[in-house]
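What follows is the content of data-v2.cif, which has mmCIF, N, CA and C atoms:
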```cif
data_entry
loop_
_atom_site.group_PDB
_atom_site.id
_atom_site.type_symbol
_atom_site.label_atom_id
_atom_site.label_comp_id
_atom_site.auth_asym_id
_atom_site.auth_seq_id
_atom_site.Cartn_x
_atom_site.Cartn_y
_atom_site.Cartn_z
ATOM 1 N N MET U 1 -14.720 -36.671 -24.400
ATOM 2 C CA MET U 1 -13.792 -37.506 -23.682
ATOM 3 C C MET U 1 -13.124 -38.453 -24.678
ATOM 4 N N GLU U 2 -11.845 -38.458 -24.692
ATOM 5 C CA GLU U 2 -11.085 -39.303 -25.601
ATOM 6 C C GLU U 2 -10.768 -40.626 -24.918
ATOM 7 N N LYS U 3 -10.919 -41.714 -25.666
ATOM 8 C CA LYS U 3 -10.632 -43.038 -25.115
ATOM 9 C C LYS U 3 -9.484 -43.656 -25.882
ATOM 10 N N GLU U 4 -8.752 -44.510 -25.197
ATOM 11 C CA GLU U 4 -7.645 -45.206 -25.818
ATOM 12 C C GLU U 4 -8.004 -46.682 -25.983
ATOM 13 N N LEU U 5 -7.528 -47.235 -27.059
ATOM 14 C CA LEU U 5 -7.701 -48.654 -27.291
ATOM 15 C C LEU U 5 -6.385 -49.337 -26.957
ATOM 16 N N LEU U 6 -6.442 -50.307 -26.069
ATOM 17 C CA LEU U 6 -5.231 -50.996 -25.638
ATOM 18 C C LEU U 6 -5.445 -52.492 -25.794
ATOM 19 N N VAL U 7 -4.639 -53.101 -26.634
ATOM 20 C CA VAL U 7 -4.699 -54.543 -26.838
ATOM 21 C C VAL U 7 -3.346 -55.117 -26.456
ATOM 22 N N THR U 8 -3.380 -56.063 -25.549
ATOM 23 C CA THR U 8 -2.142 -56.703 -25.121
ATOM 24 C C THR U 8 -2.262 -58.204 -25.332
ATOM 25 N N THR U 9 -1.132 -58.853 -25.331
ATOM 26 C CA THR U 9 -1.154 -60.314 -25.450
ATOM 27 C C THR U 9 -1.895 -60.930 -24.271
ATOM 28 N N GLU U 10 -1.710 -60.354 -23.092
ATOM 29 C CA GLU U 10 -2.378 -60.877 -21.904
ATOM 30 C C GLU U 10 -3.895 -60.757 -22.040
ATOM 31 N N PHE U 11 -4.350 -59.625 -22.579
ATOM 32 C CA PHE U 11 -5.779 -59.397 -22.769
ATOM 33 C C PHE U 11 -6.351 -60.441 -23.726
ATOM 34 N N LEU U 12 -5.677 -60.659 -24.850
ATOM 35 C CA LEU U 12 -6.163 -61.623 -25.840
ATOM 36 C C LEU U 12 -6.194 -63.038 -25.272
ATOM 37 N N LEU U 13 -5.163 -63.417 -24.551
ATOM 38 C CA LEU U 13 -5.123 -64.758 -23.971
ATOM 39 C C LEU U 13 -6.194 -64.937 -22.898
ATOM 40 N N LYS U 14 -6.421 -63.880 -22.122
ATOM 41 C CA LYS U 14 -7.463 -63.937 -21.095
ATOM 42 C C LYS U 14 -8.843 -64.087 -21.741
ATOM 43 N N LYS U 15 -9.087 -63.313 -22.794
ATOM 44 C CA LYS U 15 -10.372 -63.384 -23.485
ATOM 45 C C LYS U 15 -10.561 -64.750 -24.145
ATOM 46 N N GLU U 16 -9.483 -65.288 -24.710
ATOM 47 C CA GLU U 16 -9.574 -66.618 -25.316
ATOM 48 C C GLU U 16 -10.024 -67.631 -24.267
ATOM 49 N N GLU U 17 -9.389 -67.579 -23.108
ATOM 50 C CA GLU U 17 -9.732 -68.511 -22.031
ATOM 51 C C GLU U 17 -11.178 -68.331 -21.579
ATOM 52 N N GLU U 18 -11.593 -67.071 -21.387
ATOM 53 C CA GLU U 18 -12.968 -66.786 -20.947
ATOM 54 C C GLU U 18 -13.990 -67.281 -21.964
ATOM 55 N N TRP U 19 -13.753 -66.978 -23.225
ATOM 56 C CA TRP U 19 -14.721 -67.338 -24.268
ATOM 57 C C TRP U 19 -14.765 -68.839 -24.502
ATOM 58 N N LYS U 20 -13.628 -69.502 -24.398
ATOM 59 C CA LYS U 20 -13.616 -70.958 -24.527
ATOM 60 C C LYS U 20 -14.424 -71.592 -23.401
ATOM 61 N N GLU U 21 -14.261 -71.040 -22.202
ATOM 62 C CA GLU U 21 -15.002 -71.546 -21.047
ATOM 63 C C GLU U 21 -16.506 -71.362 -21.248
ATOM 64 N N LYS U 22 -16.898 -70.184 -21.702
ATOM 65 C CA LYS U 22 -18.320 -69.909 -21.941
ATOM 66 C C LYS U 22 -18.871 -70.770 -23.076
ATOM 67 N N ALA U 23 -18.096 -70.953 -24.130
ATOM 68 C CA ALA U 23 -18.533 -71.781 -25.255
ATOM 69 C C ALA U 23 -18.698 -73.233 -24.821
ATOM 70 N N ALA U 24 -17.791 -73.731 -24.000
ATOM 71 C CA ALA U 24 -17.885 -75.111 -23.516
ATOM 72 C C ALA U 24 -19.124 -75.288 -22.647
ATOM 73 N N LYS U 25 -19.409 -74.291 -21.814
ATOM 74 C CA LYS U 25 -20.605 -74.363 -20.964
ATOM 75 C C LYS U 25 -21.874 -74.308 -21.815
ATOM 76 N N ALA U 26 -21.868 -73.441 -22.827
ATOM 77 C CA ALA U 26 -23.028 -73.335 -23.717
ATOM 78 C C ALA U 26 -23.246 -74.642 -24.477
ATOM 79 N N GLU U 27 -22.157 -75.265 -24.909
ATOM 80 C CA GLU U 27 -22.276 -76.539 -25.618
ATOM 81 C C GLU U 27 -22.855 -77.607 -24.693
ATOM 82 N N GLN U 28 -22.406 -77.619 -23.459
ATOM 83 C CA GLN U 28 -22.906 -78.601 -22.499
ATOM 84 C C GLN U 28 -24.412 -78.419 -22.288
ATOM 85 N N ILE U 29 -24.844 -77.186 -22.112
ATOM 86 C CA ILE U 29 -26.270 -76.901 -21.907
ATOM 87 C C ILE U 29 -27.068 -77.273 -23.151
ATOM 88 N N PHE U 30 -26.530 -76.940 -24.321
ATOM 89 C CA PHE U 30 -27.188 -77.271 -25.577
ATOM 90 C C PHE U 30 -27.382 -78.781 -25.712
ATOM 91 N N CYS U 31 -26.333 -79.534 -25.433
ATOM 92 C CA CYS U 31 -26.407 -80.993 -25.550
ATOM 93 C C CYS U 31 -27.364 -81.586 -24.518
ATOM 94 N N GLN U 32 -27.373 -81.026 -23.318
ATOM 95 C CA GLN U 32 -28.309 -81.503 -22.296
ATOM 96 C C GLN U 32 -29.750 -81.271 -22.739
ATOM 97 N N ALA U 33 -30.013 -80.118 -23.335
ATOM 98 C CA ALA U 33 -31.359 -79.821 -23.819
ATOM 99 C C ALA U 33 -31.746 -80.788 -24.929
ATOM 100 N N ALA U 34 -30.825 -81.030 -25.853
ATOM 101 C CA ALA U 34 -31.106 -81.969 -26.940
ATOM 102 C C ALA U 34 -31.319 -83.383 -26.393
ATOM 103 N N ASP U 35 -30.527 -83.763 -25.402
ATOM 104 C CA ASP U 35 -30.669 -85.098 -24.808
ATOM 105 C C ASP U 35 -32.000 -85.254 -24.070
ATOM 106 N N SER U 36 -32.499 -84.177 -23.503
ATOM 107 C CA SER U 36 -33.759 -84.262 -22.749
ATOM 108 C C SER U 36 -34.930 -84.610 -23.654
ATOM 109 N N VAL U 37 -34.812 -84.335 -24.937
ATOM 110 C CA VAL U 37 -35.867 -84.687 -25.882
ATOM 111 C C VAL U 37 -36.020 -86.205 -25.964
ATOM 112 N N GLU U 38 -34.942 -86.920 -25.680
ATOM 113 C CA GLU U 38 -34.986 -88.383 -25.703
ATOM 114 C C GLU U 38 -36.011 -88.939 -24.715
ATOM 115 N N THR U 39 -36.298 -88.192 -23.672
ATOM 116 C CA THR U 39 -37.235 -88.684 -22.654
ATOM 117 C C THR U 39 -38.695 -88.397 -23.010
ATOM 118 N N LEU U 40 -38.927 -87.737 -24.130
ATOM 119 C CA LEU U 40 -40.311 -87.431 -24.513
ATOM 120 C C LEU U 40 -41.166 -88.686 -24.646
ATOM 121 N N ASN U 41 -40.570 -89.757 -25.153
ATOM 122 C CA ASN U 41 -41.374 -90.959 -25.367
ATOM 123 C C ASN U 41 -41.816 -91.602 -24.053
ATOM 124 N N GLN U 42 -41.286 -91.159 -22.944
ATOM 125 C CA GLN U 42 -41.779 -91.637 -21.645
ATOM 126 C C GLN U 42 -43.141 -91.038 -21.328
ATOM 127 N N PHE U 43 -43.426 -89.893 -21.944
ATOM 128 C CA PHE U 43 -44.667 -89.182 -21.653
ATOM 129 C C PHE U 43 -45.618 -89.124 -22.840
ATOM 130 N N PHE U 44 -45.055 -89.113 -24.031
ATOM 131 C CA PHE U 44 -45.846 -88.995 -25.244
ATOM 132 C C PHE U 44 -45.377 -90.034 -26.246
ATOM 133 N N TYR U 45 -46.264 -90.373 -27.174
ATOM 134 C CA TYR U 45 -45.879 -91.321 -28.198
ATOM 135 C C TYR U 45 -46.594 -90.952 -29.492
ATOM 136 N N GLY U 46 -45.974 -91.237 -30.581
ATOM 137 C CA GLY U 46 -46.604 -91.013 -31.872
ATOM 138 C C GLY U 46 -45.653 -90.366 -32.851
ATOM 139 N N LYS U 47 -46.167 -90.143 -34.048
ATOM 140 C CA LYS U 47 -45.348 -89.564 -35.111
ATOM 141 C C LYS U 47 -44.798 -88.185 -34.768
ATOM 142 N N PRO U 48 -45.592 -87.308 -34.133
ATOM 143 C CA PRO U 48 -45.028 -85.976 -33.804
ATOM 144 C C PRO U 48 -43.804 -86.074 -32.888
ATOM 145 N N VAL U 49 -43.850 -86.980 -31.920
ATOM 146 C CA VAL U 49 -42.716 -87.141 -31.001
ATOM 147 C C VAL U 49 -41.510 -87.673 -31.753
ATOM 148 N N LEU U 50 -41.733 -88.648 -32.613
ATOM 149 C CA LEU U 50 -40.634 -89.192 -33.408
ATOM 150 C C LEU U 50 -40.030 -88.119 -34.307
ATOM 151 N N LYS U 51 -40.871 -87.254 -34.839
ATOM 152 C CA LYS U 51 -40.395 -86.156 -35.706
ATOM 153 C C LYS U 51 -39.558 -85.171 -34.889
ATOM 154 N N VAL U 52 -40.028 -84.813 -33.710
ATOM 155 C CA VAL U 52 -39.297 -83.884 -32.852
ATOM 156 C C VAL U 52 -37.955 -84.495 -32.446
ATOM 157 N N LYS U 53 -37.958 -85.764 -32.091
ATOM 158 C CA LYS U 53 -36.716 -86.431 -31.691
ATOM 159 C C LYS U 53 -35.717 -86.466 -32.843
ATOM 160 N N ALA U 54 -36.191 -86.788 -34.029
ATOM 161 C CA ALA U 54 -35.300 -86.830 -35.200
ATOM 162 C C ALA U 54 -34.752 -85.437 -35.499
ATOM 163 N N ASP U 55 -35.606 -84.434 -35.379
ATOM 164 C CA ASP U 55 -35.187 -83.048 -35.625
ATOM 165 C C ASP U 55 -34.118 -82.616 -34.621
ATOM 166 N N PHE U 56 -34.341 -82.924 -33.347
ATOM 167 C CA PHE U 56 -33.371 -82.549 -32.326
ATOM 168 C C PHE U 56 -32.063 -83.303 -32.478
ATOM 169 N N LEU U 57 -32.119 -84.552 -32.897
ATOM 170 C CA LEU U 57 -30.896 -85.309 -33.108
ATOM 171 C C LEU U 57 -30.056 -84.642 -34.206
ATOM 172 N N ALA U 58 -30.719 -84.225 -35.284
ATOM 173 C CA ALA U 58 -30.013 -83.537 -36.368
ATOM 174 C C ALA U 58 -29.452 -82.201 -35.882
ATOM 175 N N ARG U 59 -30.244 -81.468 -35.109
ATOM 176 C CA ARG U 59 -29.777 -80.182 -34.579
ATOM 177 C C ARG U 59 -28.606 -80.368 -33.619
ATOM 178 N N LYS U 60 -28.656 -81.445 -32.840
ATOM 179 C CA LYS U 60 -27.568 -81.702 -31.896
ATOM 180 C C LYS U 60 -26.267 -81.961 -32.649
ATOM 181 N N GLU U 61 -26.326 -82.759 -33.694
ATOM 182 C CA GLU U 61 -25.126 -83.046 -34.486
ATOM 183 C C GLU U 61 -24.596 -81.784 -35.140
ATOM 184 N N LYS U 62 -25.492 -80.963 -35.702
ATOM 185 C CA LYS U 62 -25.066 -79.705 -36.312
ATOM 186 C C LYS U 62 -24.505 -78.772 -35.247
ATOM 187 N N GLY U 63 -25.146 -78.734 -34.098
ATOM 188 C CA GLY U 63 -24.685 -77.888 -33.002
ATOM 189 C C GLY U 63 -23.291 -78.267 -32.541
ATOM 190 N N LYS U 64 -23.015 -79.554 -32.451
ATOM 191 C CA LYS U 64 -21.681 -80.003 -32.046
ATOM 192 C C LYS U 64 -20.631 -79.508 -33.038
ATOM 193 N N LYS U 65 -20.947 -79.602 -34.327
ATOM 194 C CA LYS U 65 -20.014 -79.132 -35.353
ATOM 195 C C LYS U 65 -19.836 -77.617 -35.264
ATOM 196 N N ASP U 66 -20.925 -76.908 -34.996
ATOM 197 C CA ASP U 66 -20.848 -75.449 -34.872
ATOM 198 C C ASP U 66 -20.006 -75.032 -33.673
ATOM 199 N N PHE U 67 -20.176 -75.709 -32.554
ATOM 200 C CA PHE U 67 -19.363 -75.398 -31.373
ATOM 201 C C PHE U 67 -17.892 -75.721 -31.623
ATOM 202 N N GLU U 68 -17.643 -76.800 -32.336
ATOM 203 C CA GLU U 68 -16.266 -77.149 -32.683
ATOM 204 C C GLU U 68 -15.634 -76.042 -33.535
ATOM 205 N N ALA U 69 -16.396 -75.529 -34.492
ATOM 206 C CA ALA U 69 -15.898 -74.438 -35.341
ATOM 207 C C ALA U 69 -15.655 -73.175 -34.515
ATOM 208 N N LEU U 70 -16.565 -72.884 -33.582
ATOM 209 C CA LEU U 70 -16.404 -71.713 -32.725
ATOM 210 C C LEU U 70 -15.127 -71.833 -31.893
ATOM 211 N N LEU U 71 -14.898 -72.981 -31.299
ATOM 212 C CA LEU U 71 -13.693 -73.173 -30.490
ATOM 213 C C LEU U 71 -12.432 -73.050 -31.350
ATOM 214 N N HIS U 72 -12.512 -73.521 -32.577
ATOM 215 C CA HIS U 72 -11.373 -73.384 -33.494
ATOM 216 C C HIS U 72 -11.073 -71.907 -33.742
ATOM 217 N N HIS U 73 -12.108 -71.105 -33.930
ATOM 218 C CA HIS U 73 -11.908 -69.669 -34.154
ATOM 219 C C HIS U 73 -11.360 -68.983 -32.907
ATOM 220 N N LEU U 74 -11.819 -69.396 -31.743
ATOM 221 C CA LEU U 74 -11.320 -68.802 -30.503
ATOM 222 C C LEU U 74 -9.841 -69.094 -30.298
ATOM 223 N N GLU U 75 -9.392 -70.247 -30.787
ATOM 224 C CA GLU U 75 -7.974 -70.576 -30.676
ATOM 225 C C GLU U 75 -7.106 -69.614 -31.484
ATOM 226 N N LYS U 76 -7.705 -68.951 -32.451
ATOM 227 C CA LYS U 76 -6.961 -67.984 -33.260
ATOM 228 C C LYS U 76 -6.513 -66.786 -32.424
ATOM 229 N N LEU U 77 -7.187 -66.536 -31.311
ATOM 230 C CA LEU U 77 -6.768 -65.442 -30.434
ATOM 231 C C LEU U 77 -5.369 -65.681 -29.894
ATOM 232 N N GLU U 78 -5.024 -66.935 -29.662
ATOM 233 C CA GLU U 78 -3.682 -67.262 -29.187
ATOM 234 C C GLU U 78 -2.645 -66.917 -30.263
ATOM 235 N N VAL U 79 -2.981 -67.190 -31.513
ATOM 236 C CA VAL U 79 -2.082 -66.860 -32.626
ATOM 237 C C VAL U 79 -1.936 -65.348 -32.751
ATOM 238 N N ILE U 80 -3.051 -64.644 -32.631
ATOM 239 C CA ILE U 80 -3.013 -63.180 -32.711
ATOM 240 C C ILE U 80 -2.165 -62.619 -31.578
ATOM 241 N N ALA U 81 -2.318 -63.178 -30.383
ATOM 242 C CA ALA U 81 -1.525 -62.722 -29.238
ATOM 243 C C ALA U 81 -0.039 -62.950 -29.495
ATOM 244 N N PHE U 82 0.299 -64.070 -30.099
ATOM 245 C CA PHE U 82 1.694 -64.358 -30.423
ATOM 246 C C PHE U 82 2.241 -63.313 -31.390
ATOM 247 N N VAL U 83 1.449 -62.954 -32.390
ATOM 248 C CA VAL U 83 1.877 -61.949 -33.372
ATOM 249 C C VAL U 83 2.064 -60.592 -32.691
ATOM 250 N N TYR U 84 1.128 -60.201 -31.843
ATOM 251 C CA TYR U 84 1.261 -58.936 -31.105
ATOM 252 C C TYR U 84 2.551 -58.932 -30.294
ATOM 253 N N ASP U 85 2.794 -60.040 -29.581
ATOM 254 C CA ASP U 85 3.982 -60.133 -28.742
ATOM 255 C C ASP U 85 5.253 -60.022 -29.589
ATOM 256 N N LYS U 86 5.261 -60.691 -30.702
ATOM 257 C CA LYS U 86 6.428 -60.664 -31.593
ATOM 258 C C LYS U 86 6.683 -59.243 -32.102
ATOM 259 N N VAL U 87 5.623 -58.550 -32.512
ATOM 260 C CA VAL U 87 5.761 -57.177 -33.015
ATOM 261 C C VAL U 87 6.262 -56.258 -31.910
ATOM 262 N N GLU U 88 5.747 -56.423 -30.707
ATOM 263 C CA GLU U 88 6.192 -55.587 -29.591
ATOM 264 C C GLU U 88 7.678 -55.781 -29.315
ATOM 265 N N ARG U 89 8.148 -57.017 -29.388
ATOM 266 C CA ARG U 89 9.560 -57.293 -29.126
ATOM 267 C C ARG U 89 10.455 -56.781 -30.257
ATOM 268 N N GLU U 90 9.972 -56.823 -31.486
ATOM 269 C CA GLU U 90 10.778 -56.408 -32.631
ATOM 270 C C GLU U 90 10.850 -54.897 -32.799
ATOM 271 N N ASN U 91 9.868 -54.198 -32.266
ATOM 272 C CA ASN U 91 9.818 -52.747 -32.414
ATOM 273 C C ASN U 91 10.099 -52.088 -31.078
ATOM 274 N N SER U 92 11.313 -51.692 -30.882
ATOM 275 C CA SER U 92 11.693 -51.103 -29.589
ATOM 276 C C SER U 92 10.978 -49.792 -29.330
ATOM 277 N N GLY U 93 10.554 -49.103 -30.376
ATOM 278 C CA GLY U 93 9.851 -47.827 -30.199
ATOM 279 C C GLY U 93 8.356 -47.975 -30.117
ATOM 280 N N PHE U 94 7.871 -49.187 -29.930
ATOM 281 C CA PHE U 94 6.430 -49.439 -29.880
ATOM 282 C C PHE U 94 5.824 -48.808 -28.640
ATOM 283 N N ASN U 95 4.754 -48.033 -28.839
ATOM 284 C CA ASN U 95 4.071 -47.375 -27.725
ATOM 285 C C ASN U 95 2.815 -48.175 -27.403
ATOM 286 N N LYS U 96 2.777 -48.754 -26.222
ATOM 287 C CA LYS U 96 1.643 -49.597 -25.858
ATOM 288 C C LYS U 96 0.351 -48.808 -25.687
ATOM 289 N N SER U 97 0.417 -47.565 -25.266
ATOM 290 C CA SER U 97 -0.813 -46.788 -25.128
ATOM 291 C C SER U 97 -0.999 -45.979 -26.405
ATOM 292 N N ASN U 98 -2.019 -46.354 -27.165
ATOM 293 C CA ASN U 98 -2.249 -45.734 -28.473
ATOM 294 C C ASN U 98 -2.722 -44.306 -28.331
#
```

What does this structure look like when you write it as structure tokens?
Amino acid sequence: MEKELLVTTEFLLKKEEEWKEKAAKAEQIFCQAADSVETLNQFFYGKPVLKVKADFLARKEKGKKDFEALLHHLEKLEVIAFVYDKVERENSGFNKSN
């Protein structure tokens, strides 16, 4: 069975929107998990808890930067979609179904 690969500007823009939404939700969950470590001292106390809290704070900061980088890369889909659209308009003989 032969399959065709079809990439359209609409597809790329839709995927950008979907992935940005999922990345934002993942970041929110990640930050909530990191924030929940702050409540450990309500139940436990000592050097291990302080170590875990410090570790999670560092991971949270790194995670925020990583999510920011991911969102920046996802924005590139909009640029790619623009290029596809431009090529389609410039090439009158362009066949959308490969």

- Message: When you look at stretch 31-37 of chain U with a cut-off of 6.5 Å (counting only N, CA and C atoms), what residues show up, excluding the ones that are within fewer than 6 positions of it in the same chain? I need them as JSON, numbers by chain.
- Response: {"U": [53, 56, 60]}

Just write the chosen residues, N, CA and C atoms, as a compact mmCIF listing (two decimals), keeping the file's coordinate frame.
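File produced: result13.txt:
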```
# COMPACT_ATOMS: atom_id res chain seq x y z
N LYS U 53 -37.96 -85.76 -32.09
CA LYS U 53 -36.72 -86.43 -31.69
C LYS U 53 -35.72 -86.47 -32.84
N PHE U 56 -34.34 -82.92 -33.35
CA PHE U 56 -33.37 -82.55 -32.33
C PHE U 56 -32.06 -83.30 -32.48
N LYS U 60 -28.66 -81.44 -32.84
CA LYS U 60 -27.57 -81.70 -31.90
C LYS U 60 -26.27 -81.96 -32.65
```

Computed interatomic separation between atom CA of U:Glu68 and atom CA of U:Leu50 (Å):
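Separating atom CA of U:Glu68 from atom CA of U:Leu50 is a distance of 27.2 Å.
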
Find the distance between atom C of U:Ala54 and atom N of U:Leu71 and write it in Å to one decimal.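 Answer for the atom C of U:Ala54 to atom N of U:Leu71 separation: 23.8 Å.
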
**Report entry** Nearest to U:Trp19 by atom-to-atom distance, counting only N, CA and C atoms, from U:Leu74, U:Asn91, U:Lys64, U:Glu38
**Finding:**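 Of the candidates, the smallest distance to U:Trp19 is held by U:Leu74.
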
Which residues fall under the PyMOL selection byres ((chain U and resi 79-85) around 7) in this file, as a ChimeraX atom specification? /U:8-10,12-13,75-78,86-90
